[in-house]
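Engineer: This is the structure, below, for whatever I ask next.
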Amino acid sequence: MEKSKAVFTAVHDPSDAIGLSMILTIMARLLHLHEVVRCPIVEYILRTREIHFIPYVNPDGYNLFINGVIRDDFLDLHTNVNFKTCEEGVGVQLNRNYGTDFGSGNAGSGKTKCEENYRGKEAFSESETKFVKHSVADLTSILTSMNYNSEGRNGNSYYVPQVTEAQQGFLHEILGDVTLEPLSTDGQAAAWIHEVTHALTVEASMGSSKSLVGKPQGIAHTLKRHLPAAWQMIAAAGPNLKIKENEQSRYVEKKTAMFNFEVSNIGHAGLYEDLFAHLQIESSTEFTLTEVFLGPERSISSDNIGIINEEELKFFTPVKVHHNGEFKLEELPMRTTRSVVAVFKTKKGHADRAKVDKVSFVIKV
């Protein structure tokens, strides 16, 4: 089964340096959780999707900006390094050089060579945007995409192309308390990626990179503020499993204890159809896991069905449980939920007098 993909890009403007820091932070965080912490969630994430990074689209412009910072003459250049386009040394604003709405109504881009946001003579006229175009064309099943820039009034604005009402609601759900605004400038990367891939695409404005120069605490705060949204976009690019124990879910009778859980695939509807995963139930008590039952699929927005008793188990499907408590969960579509009932037995007296510790799930692929 082909893996779905998330794509991250940054540094179209030379001054978008904070975007490069953001991408390096995401990569470092994933590597740390996977290689050092051995986090099973990250293991699951990396096995079920691919994450592609273009840390800086504009390497020459970025280098020029960094040299300007070193010289303390902070450059306000917003283009690539192409001194042939204008006698004043202004190049092409790469985030206006993409094919979607290129030059449409001159919205936020310039048509003459010496304008600050000169969009170029035609879409994809620049080697940098051609590279992005070919990189995206070589990938299939791109489901989410995020581009970082250093614009925005408060450093916490997210810009989106035209999306469906359902997608808009999902973005609000996963991004939390951020401002969602429509993309209003022609020829932007986020709009083009969305058009050609139909991916859930966001342009994140992180605030001015220049204002953060020499302020490590400010940089750390900015990166920390935007990291959760990046994580959510990665999670949305594939199956995103959430496990919740129902309130008052322990049903005890004689020497049997039943635990009721909700297993939900909370990713974006229509992006990734099926979930194939293994779950493992563990308990540190004297209880032994003997049976697992799966309830029918239902909408993730449906009411919690609450505690399950033995009579209701007739409508559940039994699944094979291995000696280590592992069982297989298949084909859980996006935005759906299934109830899981785990049946434990004990030989030490009655179950109602035995203490059952919290049961944990270990996600496997």
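Chain identifiers are assigned as A, B, and so on, following the order in which chains appear in the structure tokens; residues are numbered from 1 within each chain, and ligands are numbered from 1 in order of appearance.
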Identify, on the basis of only C-alpha atoms, every residue whose closest approach to Asn80 in chain A does not exceed 10 Å; exclude the query and any residue fewer than 3 positions from it along the same chain; express the result as a PyMOL selection string.

Structural biologist: chain A and resi 12-14+57-62+64+77+83+89-94+126-128

Engineer: What are the nearest atom pairs, with distances in Å to one decimal, for all residues of range 37-149 of chain A that come at most 12 Å from range 192-205 of chain A, using only C-alpha atoms, set out by chain and rising residue number as CSV?

Structural biologist:
residue,atom,partner,partner_atom,distance
A:Asn95,CA,A:Trp192,CA,10.2
A:Arg96,CA,A:Trp192,CA,10.3
A:Asn97,CA,A:Trp192,CA,9.9
A:Tyr98,CA,A:Trp192,CA,6.3
A:Gly99,CA,A:Trp192,CA,6.2
A:Thr100,CA,A:Trp192,CA,5.0
A:Asp101,CA,A:Trp192,CA,8.4
A:Phe102,CA,A:Trp192,CA,9.6
A:Ala123,CA,A:Trp192,CA,10.7
A:Phe124,CA,A:Trp192,CA,11.1
A:Thr129,CA,A:Trp192,CA,11.0
A:Val132,CA,A:Ile193,CA,9.5
A:Lys133,CA,A:Ile193,CA,8.6
A:His134,CA,A:Ile193,CA,11.5
A:Ser135,CA,A:Ile193,CA,11.0
A:Val136,CA,A:Ile193,CA,7.8
A:Ala137,CA,A:Val196,CA,8.7
A:Asp138,CA,A:Thr197,CA,11.4
A:Leu139,CA,A:Thr197,CA,9.4
A:Thr140,CA,A:Thr197,CA,8.1
A:Ser141,CA,A:Thr197,CA,7.7
A:Ile142,CA,A:Ala199,CA,5.9
A:Leu143,CA,A:Ala199,CA,4.4
A:Thr144,CA,A:Leu200,CA,4.6
A:Ser145,CA,A:Thr201,CA,4.7
A:Met146,CA,A:Val202,CA,4.9
A:Asn147,CA,A:Glu203,CA,4.7
A:Tyr148,CA,A:Ala204,CA,4.9
A:Asn149,CA,A:Ser205,CA,5.0

Engineer: Excluding His322 in chain A and any residue of its chain fewer than 6 positions from it, enumerate the residues within 10 Å of it, using only C-alpha atoms, and give them as a list of chain:residue names.

Structural biologist: A:Gln280, A:Leu289, A:Thr290, A:Glu291, A:Lys328

Engineer: Using only C-alpha atoms for the distances, tell me which of A:Leu212, A:Ile234, A:Val263, A:Ile51 is nearest to Leu175 in chain A.

Structural biologist: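 Nearest candidate to Leu175 in chain A out of A:Leu212, A:Ile234, A:Val263, A:Ile51: A:Ile234.
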
Engineer: Range 3-47 of chain A: which residues are strand (DSSP E or B) by DSSP, as number ranges by chain?

Structural biologist: A: 4-10
